[in-house]
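Following: one structure in structure tokens, then a few remarks.
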Protein chains: 2
Amino acid sequence: MDIFVRYLEKVRTFAPEKVEMFSKACEYGIRASIYIAEKSLLDKRVSLKEVAQAINSPEAYTSKILQQLSRSAIINSDKGPTGGFSMDKYMLNNVKLSMIVSAIDGDEIYKGCALGLEKCNEKMPCPLHDQFKSIREDLKRMLETTTVKSLSLNLEKGLTFLKR
Amino acid sequence: MDIFVRYLEKVRTFAPEKVEMFSKACEYGIRASIYIAEKSLLDKRVSLKEVAQAINSPEAYTSKILQQLSRSAIINSDKGPTGGFSMDKYMLNNVKLSMIVSAIDGDEIYKGCALGLEKCNEKMPCPLHDQFKSIREDLKRMLETTTVKSLSLNLEKGLTFLKR
DNA sequence: AAAATAATGGATATTTTTGTCCGCTATTTG
DNA sequence: CAAATAGCGGACAAAAATATCCATTATTTT
């Protein structure tokens, strides 16, 4: 058994430790947005510290991501005492997940080739082009139709969770 | 215009440059497997150099990935002159994409939580749990049902491409 | 048996992503 | 207008992914 474990450890020395759908930055960005939206529904601003605690993320790194979302006009940020992050009524009703993802990760996940080929298209498809077509389209449609508001409402109702 | 370009450059200094579905290692691994399978259908072994050229990947890095696939018993490797990589008849008929992906990237893409939460499940779902359910299932099903052989046949027919 | 060939394994280097630190700026409150 | 608060921006640090180098091992050919 011990030998087996060591073997497996050795086997994975060069390969990625974890591969997920979005980057960590994007995961934090989505979680933070949902939390900020939830509080904005109650007309509350939230500080960086509060956000980081609520979504269990590193504070300084989260700060960078919120800056990015703020520059992308998805959230508002205000300095000084009583300052913090918020989402205005218009954004609350209109921000889709796709906007957050493209502000942080870009559009590669559902636009790029699954095998990383630069020139992969209908005329010159990679071997997985057809197989991925519907999956990418579904992902795209889902991100473009899901509003942050709807997600924050479920969160507020205690139906979903942002931590751990 | 110049100012605009500089602004955009600055804005993305902290975020990922590119986020794709699979790791680079896995992309190379899938492409290499399809190429090796194509040649194995003609009872030909291929060298590392030939593989790297065919799929346009860094040779030394590709070597590591082929080692991993070899250790995972997905491909065979033989040393010495006339040596190289190949896939035996049994593997040719049975290897699914899912086997290559889990040998390199693991199962996180379709098993893990889209928002990176460790304990995300039906009882305690993240805000995107339901939205991602069918997408992850579709991805899983596709990877588990697509054979490398079928992909290599399309490649041989000139219907698909592995480069650029 | 020697030479040539091709993969292997370990060490190391580079690049990207993730994460931290800290002085600065803007805003509010007293 | 001074003090306190909270985000901003730039530099820096750590960790992970990607990539390279080279000596060694196994195999085949001569």
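Following the order of the structure tokens, first chain is A, next is B, and so on, with residues numbered from 1 inside each chain and ligands from 1 in the order they appear.
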List as a tab-separated table (two decimals) with all heavy atoms, in the first residue's frame the protein and nucleic acid residues near Met99 (chain B), meaning an atom at most 8 Å away when only C-alpha atoms (C1' of nucleotides) are counted, but skip any in the same chain fewer than 4 places from it.
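part_20.tsv, written as the output of this step:
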```
chain	number	residue	atom	x	y	z
B	74	ILE	N	-2.09	3.58	-21.26
B	74	ILE	CA	-2.94	3.97	-22.39
B	74	ILE	C	-2.19	3.80	-23.70
B	74	ILE	O	-2.75	3.38	-24.71
B	74	ILE	CB	-3.42	5.43	-22.20
B	74	ILE	CG1	-4.41	5.48	-21.03
B	74	ILE	CG2	-4.07	5.96	-23.48
B	74	ILE	CD1	-4.78	6.87	-20.58
B	95	VAL	N	-9.92	2.81	-25.70
B	95	VAL	CA	-9.58	4.06	-25.00
B	95	VAL	C	-10.58	5.17	-25.31
B	95	VAL	O	-10.82	5.51	-26.46
B	95	VAL	CB	-8.16	4.54	-25.36
B	95	VAL	CG1	-7.91	5.92	-24.76
B	95	VAL	CG2	-7.12	3.56	-24.83
B	103	ALA	N	-6.05	10.71	-16.71
B	103	ALA	CA	-4.64	10.38	-16.51
B	103	ALA	C	-3.79	11.65	-16.38
B	103	ALA	O	-2.76	11.64	-15.73
B	103	ALA	CB	-4.12	9.53	-17.66
B	144	GLU	N	-16.69	10.19	-21.97
B	144	GLU	CA	-16.74	8.76	-21.68
B	144	GLU	C	-17.22	7.92	-22.85
B	144	GLU	O	-17.09	6.69	-22.84
B	144	GLU	CB	-17.62	8.50	-20.46
B	144	GLU	CG	-16.93	8.87	-19.16
B	144	GLU	CD	-17.82	8.73	-17.95
B	144	GLU	OE1	-19.04	8.53	-18.11
B	144	GLU	OE2	-17.29	8.86	-16.82
```
Check your understanding: Using only C-alpha atoms, which chain A residues lie at most 7 Å away from chain B, written as a PyMOL selection string?
Key -> chain A and resi 11+15-16+18-23+25+27+104-105+108-109+114-119+124-127+135+138-139+151+155+160-164
Could you turn the residues from that selection into a file that holds N, CA and C atoms, as an mmCIF file, in the first residue's frame?
```cif
data_model
loop_
_atom_site.group_PDB
_atom_site.id
_atom_site.type_symbol
_atom_site.label_atom_id
_atom_site.label_comp_id
_atom_site.auth_asym_id
_atom_site.auth_seq_id
_atom_site.Cartn_x
_atom_site.Cartn_y
_atom_site.Cartn_z
ATOM 1 N N VAL A 11 3.979 9.546 -10.024
ATOM 2 C CA VAL A 11 3.364 9.613 -11.347
ATOM 3 C C VAL A 11 2.880 11.019 -11.691
ATOM 4 N N ALA A 15 2.316 16.937 -13.815
ATOM 5 C CA ALA A 15 1.007 17.349 -14.336
ATOM 6 C C ALA A 15 0.289 18.322 -13.400
ATOM 7 N N PRO A 16 -0.684 19.029 -13.919
ATOM 8 C CA PRO A 16 -1.444 19.990 -13.125
ATOM 9 C C PRO A 16 -2.035 19.353 -11.874
ATOM 10 N N LYS A 18 -4.630 20.636 -10.164
ATOM 11 C CA LYS A 18 -6.074 20.804 -10.205
ATOM 12 C C LYS A 18 -6.442 21.567 -11.461
ATOM 13 N N VAL A 19 -7.434 21.086 -12.150
ATOM 14 C CA VAL A 19 -7.886 21.803 -13.338
ATOM 15 C C VAL A 19 -9.376 22.042 -13.197
ATOM 16 N N GLU A 20 -9.728 23.297 -13.158
ATOM 17 C CA GLU A 20 -11.150 23.608 -13.020
ATOM 18 C C GLU A 20 -11.656 24.422 -14.193
ATOM 19 N N MET A 21 -12.941 24.610 -14.208
ATOM 20 C CA MET A 21 -13.592 25.290 -15.324
ATOM 21 C C MET A 21 -13.128 26.749 -15.428
ATOM 22 N N PHE A 22 -13.167 27.462 -14.299
ATOM 23 C CA PHE A 22 -12.746 28.861 -14.268
ATOM 24 C C PHE A 22 -11.440 29.013 -13.497
ATOM 25 N N SER A 23 -10.782 30.145 -13.677
ATOM 26 C CA SER A 23 -9.604 30.437 -12.869
ATOM 27 C C SER A 23 -10.060 30.746 -11.441
ATOM 28 N N ALA A 25 -9.280 33.313 -9.785
ATOM 29 C CA ALA A 25 -9.692 34.720 -9.799
ATOM 30 C C ALA A 25 -11.151 34.846 -10.195
ATOM 31 N N GLU A 27 -13.504 32.455 -10.059
ATOM 32 C CA GLU A 27 -14.357 31.859 -9.020
ATOM 33 C C GLU A 27 -14.609 32.880 -7.909
ATOM 34 N N ILE A 104 -13.000 38.860 -16.245
ATOM 35 C CA ILE A 104 -11.865 38.274 -15.531
ATOM 36 C C ILE A 104 -11.110 37.232 -16.351
ATOM 37 N N ASP A 105 -11.830 36.273 -16.885
ATOM 38 C CA ASP A 105 -11.171 35.191 -17.625
ATOM 39 C C ASP A 105 -11.169 35.388 -19.132
ATOM 40 N N GLU A 108 -12.424 32.770 -23.660
ATOM 41 C CA GLU A 108 -11.809 31.542 -24.163
ATOM 42 C C GLU A 108 -12.580 30.260 -23.859
ATOM 43 N N ILE A 109 -13.108 30.154 -22.656
ATOM 44 C CA ILE A 109 -13.766 28.890 -22.265
ATOM 45 C C ILE A 109 -14.801 28.442 -23.273
ATOM 46 N N ALA A 114 -11.132 23.530 -27.876
ATOM 47 C CA ALA A 114 -10.915 22.665 -26.709
ATOM 48 C C ALA A 114 -9.509 22.077 -26.701
ATOM 49 N N LEU A 115 -8.900 21.945 -27.856
ATOM 50 C CA LEU A 115 -7.554 21.391 -27.924
ATOM 51 C C LEU A 115 -6.490 22.463 -28.086
ATOM 52 N N GLY A 116 -6.887 23.713 -27.934
ATOM 53 C CA GLY A 116 -5.930 24.810 -27.941
ATOM 54 C C GLY A 116 -5.406 25.216 -29.305
ATOM 55 N N LEU A 117 -6.072 24.786 -30.361
ATOM 56 C CA LEU A 117 -5.608 25.165 -31.697
ATOM 57 C C LEU A 117 -6.069 26.576 -32.036
ATOM 58 N N GLU A 118 -5.143 27.362 -32.546
ATOM 59 C CA GLU A 118 -5.482 28.745 -32.866
ATOM 60 C C GLU A 118 -6.510 28.853 -33.979
ATOM 61 N N LYS A 119 -6.267 28.079 -35.013
ATOM 62 C CA LYS A 119 -7.191 28.173 -36.152
ATOM 63 C C LYS A 119 -8.069 26.940 -36.256
ATOM 64 N N MET A 124 -11.933 24.083 -40.813
ATOM 65 C CA MET A 124 -10.722 23.342 -40.450
ATOM 66 C C MET A 124 -10.797 22.981 -38.967
ATOM 67 N N PRO A 125 -11.660 22.052 -38.661
ATOM 68 C CA PRO A 125 -11.949 21.735 -37.253
ATOM 69 C C PRO A 125 -10.915 20.816 -36.615
ATOM 70 N N CYS A 126 -10.743 20.966 -35.311
ATOM 71 C CA CYS A 126 -9.912 20.021 -34.571
ATOM 72 C C CYS A 126 -10.737 18.745 -34.400
ATOM 73 N N PRO A 127 -10.098 17.669 -33.975
ATOM 74 C CA PRO A 127 -10.825 16.400 -33.852
ATOM 75 C C PRO A 127 -12.002 16.429 -32.874
ATOM 76 N N ILE A 135 -21.687 21.484 -26.148
ATOM 77 C CA ILE A 135 -21.300 21.750 -24.761
ATOM 78 C C ILE A 135 -20.919 23.215 -24.579
ATOM 79 N N ASP A 138 -24.045 25.372 -24.826
ATOM 80 C CA ASP A 138 -24.845 25.302 -23.597
ATOM 81 C C ASP A 138 -24.232 26.163 -22.503
ATOM 82 N N LEU A 139 -22.921 26.039 -22.353
ATOM 83 C CA LEU A 139 -22.218 26.814 -21.338
ATOM 84 C C LEU A 139 -22.402 28.312 -21.588
ATOM 85 N N LEU A 151 -29.203 34.489 -8.607
ATOM 86 C CA LEU A 151 -28.348 33.670 -7.756
ATOM 87 C C LEU A 151 -28.297 34.205 -6.335
ATOM 88 N N LEU A 155 -29.403 32.599 -2.653
ATOM 89 C CA LEU A 155 -28.474 32.640 -1.534
ATOM 90 C C LEU A 155 -29.162 33.202 -0.293
ATOM 91 N N THR A 160 -28.694 28.174 -1.241
ATOM 92 C CA THR A 160 -27.331 27.899 -1.717
ATOM 93 C C THR A 160 -26.307 28.532 -0.780
ATOM 94 N N PHE A 161 -25.022 28.188 -0.989
ATOM 95 C CA PHE A 161 -23.971 28.615 -0.075
ATOM 96 C C PHE A 161 -22.722 29.081 -0.811
ATOM 97 N N LEU A 162 -21.969 29.962 -0.141
ATOM 98 C CA LEU A 162 -20.782 30.534 -0.799
ATOM 99 C C LEU A 162 -19.457 30.109 -0.193
ATOM 100 N N LYS A 163 -19.528 29.371 0.932
ATOM 101 C CA LYS A 163 -18.287 29.040 1.641
ATOM 102 C C LYS A 163 -17.938 27.564 1.599
ATOM 103 N N ARG A 164 -16.664 27.312 1.882
ATOM 104 C CA ARG A 164 -16.096 25.979 2.088
ATOM 105 C C ARG A 164 -16.113 25.055 0.886
#
```
Practice item. For chain C, list the residues within 12 Å of chain B, counting only C-alpha atoms (C1' of nucleotides), and write the list as a PyMOL selection string. Key: chain C and resi 3-10+15-19
Selection file, N, CA and C atoms (P, O5', C5', C4', C3', O3' and C1' of nucleotides), as a JSON list (two decimals), in the first residue's frame:
```
[["chain", "number", "residue", "atom", "x", "y", "z"],
["C", 3, "DA", "P", 32.59, 1.68, -30.31],
["C", 3, "DA", "O5'", 31.28, 1.94, -31.19],
["C", 3, "DA", "C5'", 31.23, 1.42, -32.52],
["C", 3, "DA", "C4'", 29.89, 1.80, -33.13],
["C", 3, "DA", "C3'", 29.47, 3.23, -32.83],
["C", 3, "DA", "O3'", 28.88, 3.78, -34.00],
["C", 3, "DA", "C1'", 27.81, 1.75, -32.06],
["C", 4, "DA", "P", 28.43, 5.27, -34.07],
["C", 4, "DA", "O5'", 26.86, 5.14, -34.22],
["C", 4, "DA", "C5'", 26.32, 4.19, -35.13],
["C", 4, "DA", "C4'", 24.84, 4.05, -34.85],
["C", 4, "DA", "C3'", 24.12, 5.39, -34.59],
["C", 4, "DA", "O3'", 22.94, 5.42, -35.38],
["C", 4, "DA", "C1'", 23.66, 3.87, -32.85],
["C", 5, "DT", "P", 22.02, 6.72, -35.37],
["C", 5, "DT", "O5'", 20.79, 6.23, -34.49],
["C", 5, "DT", "C5'", 20.06, 5.06, -34.88],
["C", 5, "DT", "C4'", 18.99, 4.79, -33.84],
["C", 5, "DT", "C3'", 18.16, 6.01, -33.48],
["C", 5, "DT", "O3'", 16.79, 5.64, -33.58],
["C", 5, "DT", "C1'", 18.97, 4.96, -31.53],
["C", 6, "DA", "P", 15.66, 6.74, -33.86],
["C", 6, "DA", "O5'", 14.78, 6.69, -32.55],
["C", 6, "DA", "C5'", 14.26, 5.44, -32.10],
["C", 6, "DA", "C4'", 13.90, 5.54, -30.64],
["C", 6, "DA", "C3'", 13.33, 6.91, -30.22],
["C", 6, "DA", "O3'", 12.13, 6.73, -29.51],
["C", 6, "DA", "C1'", 15.05, 6.24, -28.76],
["C", 7, "DA", "P", 11.27, 7.88, -28.95],
["C", 7, "DA", "O5'", 11.14, 7.44, -27.43],
["C", 7, "DA", "C5'", 10.58, 6.16, -27.15],
["C", 7, "DA", "C4'", 10.98, 5.73, -25.75],
["C", 7, "DA", "C3'", 10.36, 6.55, -24.63],
["C", 7, "DA", "O3'", 9.97, 5.68, -23.58],
["C", 7, "DA", "C1'", 12.71, 6.61, -24.46],
["C", 8, "DT", "P", 9.36, 6.25, -22.22],
["C", 8, "DT", "O5'", 10.63, 6.48, -21.30],
["C", 8, "DT", "C5'", 11.38, 5.35, -20.86],
["C", 8, "DT", "C4'", 12.21, 5.73, -19.65],
["C", 8, "DT", "C3'", 11.47, 6.57, -18.60],
["C", 8, "DT", "O3'", 11.71, 5.98, -17.33],
["C", 8, "DT", "C1'", 13.48, 7.65, -19.24],
["C", 9, "DG", "P", 10.88, 6.40, -16.02],
["C", 9, "DG", "O5'", 11.96, 7.12, -15.09],
["C", 9, "DG", "C5'", 13.36, 6.87, -15.26],
["C", 9, "DG", "C4'", 14.14, 7.92, -14.48],
["C", 9, "DG", "C3'", 13.31, 8.72, -13.48],
["C", 9, "DG", "O3'", 14.12, 8.90, -12.33],
["C", 9, "DG", "C1'", 14.25, 10.20, -15.08],
["C", 10, "DG", "P", 13.59, 9.51, -10.96],
["C", 10, "DG", "O5'", 14.58, 10.72, -10.72],
["C", 10, "DG", "C5'", 15.97, 10.57, -11.02],
["C", 10, "DG", "C4'", 16.61, 11.95, -11.19],
["C", 10, "DG", "C3'", 16.04, 13.01, -10.24],
["C", 10, "DG", "O3'", 17.11, 13.64, -9.58],
["C", 10, "DG", "C1'", 16.02, 13.78, -12.49],
["C", 15, "DT", "P", 10.65, 33.25, -19.99],
["C", 15, "DT", "O5'", 9.15, 32.93, -19.60],
["C", 15, "DT", "C5'", 8.51, 31.77, -20.12],
["C", 15, "DT", "C4'", 7.14, 31.65, -19.50],
["C", 15, "DT", "C3'", 6.40, 32.99, -19.35],
["C", 15, "DT", "O3'", 5.14, 32.77, -19.94],
["C", 15, "DT", "C1'", 6.38, 31.79, -17.30],
["C", 16, "DT", "P", 4.02, 33.92, -19.99],
["C", 16, "DT", "O5'", 2.98, 33.42, -18.89],
["C", 16, "DT", "C5'", 2.61, 32.05, -18.86],
["C", 16, "DT", "C4'", 1.72, 31.79, -17.66],
["C", 16, "DT", "C3'", 0.72, 32.91, -17.38],
["C", 16, "DT", "O3'", -0.54, 32.26, -17.28],
["C", 16, "DT", "C1'", 1.93, 32.35, -15.41],
["C", 17, "DT", "P", -1.89, 33.01, -16.89],
["C", 17, "DT", "O5'", -2.10, 32.62, -15.34],
["C", 17, "DT", "C5'", -2.03, 31.27, -14.93],
["C", 17, "DT", "C4'", -2.11, 31.20, -13.42],
["C", 17, "DT", "C3'", -3.23, 32.05, -12.80],
["C", 17, "DT", "O3'", -3.97, 31.16, -11.98],
["C", 17, "DT", "C1'", -1.15, 32.47, -11.71],
["C", 18, "DT", "P", -5.22, 31.61, -11.14],
["C", 18, "DT", "O5'", -4.54, 31.93, -9.73],
["C", 18, "DT", "C5'", -3.91, 30.87, -9.02],
["C", 18, "DT", "C4'", -3.25, 31.41, -7.77],
["C", 18, "DT", "C3'", -4.17, 32.23, -6.87],
["C", 18, "DT", "O3'", -4.17, 31.58, -5.60],
["C", 18, "DT", "C1'", -2.08, 33.31, -7.16],
["C", 19, "DG", "P", -5.04, 32.14, -4.39],
["C", 19, "DG", "O5'", -4.02, 33.15, -3.71],
["C", 19, "DG", "C5'", -2.83, 32.64, -3.12],
["C", 19, "DG", "C4'", -1.98, 33.79, -2.61],
["C", 19, "DG", "C3'", -2.72, 34.80, -1.72],
["C", 19, "DG", "O3'", -2.15, 34.72, -0.42],
["C", 19, "DG", "C1'", -1.26, 35.87, -3.24]]
```
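You will find C1' of DG7 (chain D) at 21.6 Å from CA of Leu41 (chain A).
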Write out as a tab-separated table the residues of chain D that have any atom within 12 Å of an atom of chain A, one row each with the nearest atom pair and its distance in Å to one decimal, counting only C-alpha atoms (C1' of nucleotides), sorted by chain and then rising number.
```
residue	atom	partner	partner_atom	distance
D:DA3	C1'	A:Pro81	CA	11.7
D:DA4	C1'	A:Pro81	CA	7.9
D:DT5	C1'	A:Pro81	CA	4.4
D:DA6	C1'	A:Gly80	CA	4.6
D:DG7	C1'	A:Lys79	CA	5.1
D:DC8	C1'	A:Gln67	CA	8.0
D:DG9	C1'	A:Lys64	CA	9.6
D:DG10	C1'	A:Lys64	CA	11.9
D:DA15	C1'	A:Glu17	CA	11.4
D:DA16	C1'	A:Pro16	CA	7.8
D:DA17	C1'	A:Pro16	CA	6.5
D:DT18	C1'	A:Phe14	CA	9.2
D:DA19	C1'	A:Phe14	CA	10.8
```
Take the residues from that selection and put them in a file with N, CA, C and O atoms (P, O5', C5', C4', C3', O3' and C1' of nucleotides), as an mmCIF file, in the first residue's frame.
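Contents of again.cif, as written:
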```cif
data_model
loop_
_atom_site.group_PDB
_atom_site.id
_atom_site.type_symbol
_atom_site.label_atom_id
_atom_site.label_comp_id
_atom_site.auth_asym_id
_atom_site.auth_seq_id
_atom_site.Cartn_x
_atom_site.Cartn_y
_atom_site.Cartn_z
ATOM 1 P P DA D 3 -4.444 64.888 13.815
ATOM 2 O "O5'" DA D 3 -5.525 63.714 13.881
ATOM 3 C "C5'" DA D 3 -6.685 63.872 14.700
ATOM 4 C "C4'" DA D 3 -7.655 62.757 14.388
ATOM 5 C "C3'" DA D 3 -6.979 61.411 14.148
ATOM 6 O "O3'" DA D 3 -7.750 60.403 14.790
ATOM 7 C "C1'" DA D 3 -8.310 61.972 12.275
ATOM 8 P P DA D 4 -7.169 58.915 14.959
ATOM 9 O "O5'" DA D 4 -8.303 58.085 14.203
ATOM 10 C "C5'" DA D 4 -9.666 58.443 14.379
ATOM 11 C "C4'" DA D 4 -10.477 57.864 13.246
ATOM 12 C "C3'" DA D 4 -10.054 56.437 12.843
ATOM 13 O "O3'" DA D 4 -11.216 55.633 12.774
ATOM 14 C "C1'" DA D 4 -10.131 57.838 10.943
ATOM 15 P P DT D 5 -11.095 54.054 12.471
ATOM 16 O "O5'" DT D 5 -11.625 53.998 10.971
ATOM 17 C "C5'" DT D 5 -12.919 54.514 10.653
ATOM 18 C "C4'" DT D 5 -13.116 54.419 9.153
ATOM 19 C "C3'" DT D 5 -12.801 53.047 8.569
ATOM 20 O "O3'" DT D 5 -13.904 52.635 7.791
ATOM 21 C "C1'" DT D 5 -11.718 54.752 7.346
ATOM 22 P P DA D 6 -14.133 51.059 7.545
ATOM 23 O "O5'" DA D 6 -13.857 50.970 5.987
ATOM 24 C "C5'" DA D 6 -14.620 51.799 5.089
ATOM 25 C "C4'" DA D 6 -13.944 51.819 3.739
ATOM 26 C "C3'" DA D 6 -13.308 50.471 3.344
ATOM 27 O "O3'" DA D 6 -13.690 50.109 2.034
ATOM 28 C "C1'" DA D 6 -11.762 52.213 3.098
ATOM 29 P P DG D 7 -13.304 48.735 1.366
ATOM 30 O "O5'" DG D 7 -12.758 49.238 -0.040
ATOM 31 C "C5'" DG D 7 -13.580 50.097 -0.819
ATOM 32 C "C4'" DG D 7 -12.720 50.935 -1.756
ATOM 33 C "C3'" DG D 7 -11.965 50.131 -2.818
ATOM 34 O "O3'" DG D 7 -11.979 50.884 -4.030
ATOM 35 C "C1'" DG D 7 -10.429 51.348 -1.534
ATOM 36 P P DC D 8 -11.281 50.394 -5.341
ATOM 37 O "O5'" DC D 8 -9.844 51.071 -5.265
ATOM 38 C "C5'" DC D 8 -9.742 52.480 -5.394
ATOM 39 C "C4'" DC D 8 -8.346 52.857 -5.875
ATOM 40 C "C3'" DC D 8 -7.763 51.982 -6.988
ATOM 41 O "O3'" DC D 8 -7.169 52.862 -7.934
ATOM 42 C "C1'" DC D 8 -6.320 51.945 -5.096
ATOM 43 P P DG D 9 -6.640 52.360 -9.340
ATOM 44 O "O5'" DG D 9 -5.050 52.355 -9.230
ATOM 45 C "C5'" DG D 9 -4.378 53.277 -8.359
ATOM 46 C "C4'" DG D 9 -2.904 52.927 -8.305
ATOM 47 C "C3'" DG D 9 -2.416 52.004 -9.418
ATOM 48 O "O3'" DG D 9 -1.122 52.434 -9.782
ATOM 49 C "C1'" DG D 9 -2.073 50.953 -7.337
ATOM 50 P P DG D 10 -0.376 51.985 -11.075
ATOM 51 O "O5'" DG D 10 1.067 51.565 -10.525
ATOM 52 C "C5'" DG D 10 1.676 52.360 -9.490
ATOM 53 C "C4'" DG D 10 2.669 51.502 -8.744
ATOM 54 C "C3'" DG D 10 3.407 50.479 -9.608
ATOM 55 O "O3'" DG D 10 4.801 50.604 -9.397
ATOM 56 C "C1'" DG D 10 2.487 49.439 -7.687
ATOM 57 P P DA D 15 5.184 29.006 -0.987
ATOM 58 O "O5'" DA D 15 4.310 28.600 -2.258
ATOM 59 C "C5'" DA D 15 2.974 29.062 -2.362
ATOM 60 C "C4'" DA D 15 2.391 28.609 -3.676
ATOM 61 C "C3'" DA D 15 2.683 27.146 -4.031
ATOM 62 O "O3'" DA D 15 1.459 26.607 -4.472
ATOM 63 C "C1'" DA D 15 3.329 28.555 -5.815
ATOM 64 P P DA D 16 1.338 25.006 -4.762
ATOM 65 O "O5'" DA D 16 0.999 24.981 -6.316
ATOM 66 C "C5'" DA D 16 0.024 25.858 -6.848
ATOM 67 C "C4'" DA D 16 0.184 25.926 -8.346
ATOM 68 C "C3'" DA D 16 0.365 24.570 -9.024
ATOM 69 O "O3'" DA D 16 -0.644 24.463 -10.017
ATOM 70 C "C1'" DA D 16 1.997 26.104 -9.775
ATOM 71 P P DA D 17 -0.740 23.199 -10.988
ATOM 72 O "O5'" DA D 17 -0.141 23.799 -12.336
ATOM 73 C "C5'" DA D 17 -0.746 24.957 -12.897
ATOM 74 C "C4'" DA D 17 -0.044 25.311 -14.184
ATOM 75 C "C3'" DA D 17 0.073 24.170 -15.200
ATOM 76 O "O3'" DA D 17 -0.296 24.700 -16.462
ATOM 77 C "C1'" DA D 17 2.219 25.068 -14.704
ATOM 78 P P DT D 18 -0.224 23.793 -17.776
ATOM 79 O "O5'" DT D 18 1.200 24.194 -18.363
ATOM 80 C "C5'" DT D 18 1.424 25.535 -18.765
ATOM 81 C "C4'" DT D 18 2.846 25.691 -19.220
ATOM 82 C "C3'" DT D 18 3.275 24.751 -20.348
ATOM 83 O "O3'" DT D 18 3.722 25.564 -21.436
ATOM 84 C "C1'" DT D 18 4.905 24.837 -18.633
ATOM 85 P P DA D 19 4.238 24.901 -22.795
ATOM 86 O "O5'" DA D 19 5.800 24.700 -22.523
ATOM 87 C "C5'" DA D 19 6.596 25.850 -22.277
ATOM 88 C "C4'" DA D 19 8.015 25.403 -21.984
ATOM 89 C "C3'" DA D 19 8.594 24.383 -22.969
ATOM 90 O "O3'" DA D 19 9.635 25.031 -23.685
ATOM 91 C "C1'" DA D 19 9.197 23.888 -20.711
#
```
Practice item. Identify which of the residues C:DT20, C:DA2, C:DA26, C:DA11 lies closest to DA14 (chain D), counting only C-alpha atoms (C1' of nucleotides) when measuring atom-to-atom distances. Key: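 Closest residue, counting only C-alpha atoms (C1' of nucleotides): C:DT20.
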Practice item. Apply DSSP to the structure's backbone, then extract all residues of region 2-101 of chain A labelled alpha helix (DSSP H) and return them as a ChimeraX atom specification. Key: /A:2-11,24-41,48-55,59-71,89-94,97-101
**Study point:** All strand (DSSP E or B) positions in chain A, as number ranges by chain
**Key:** A: 46, 76-78, 84-86, 96, 147
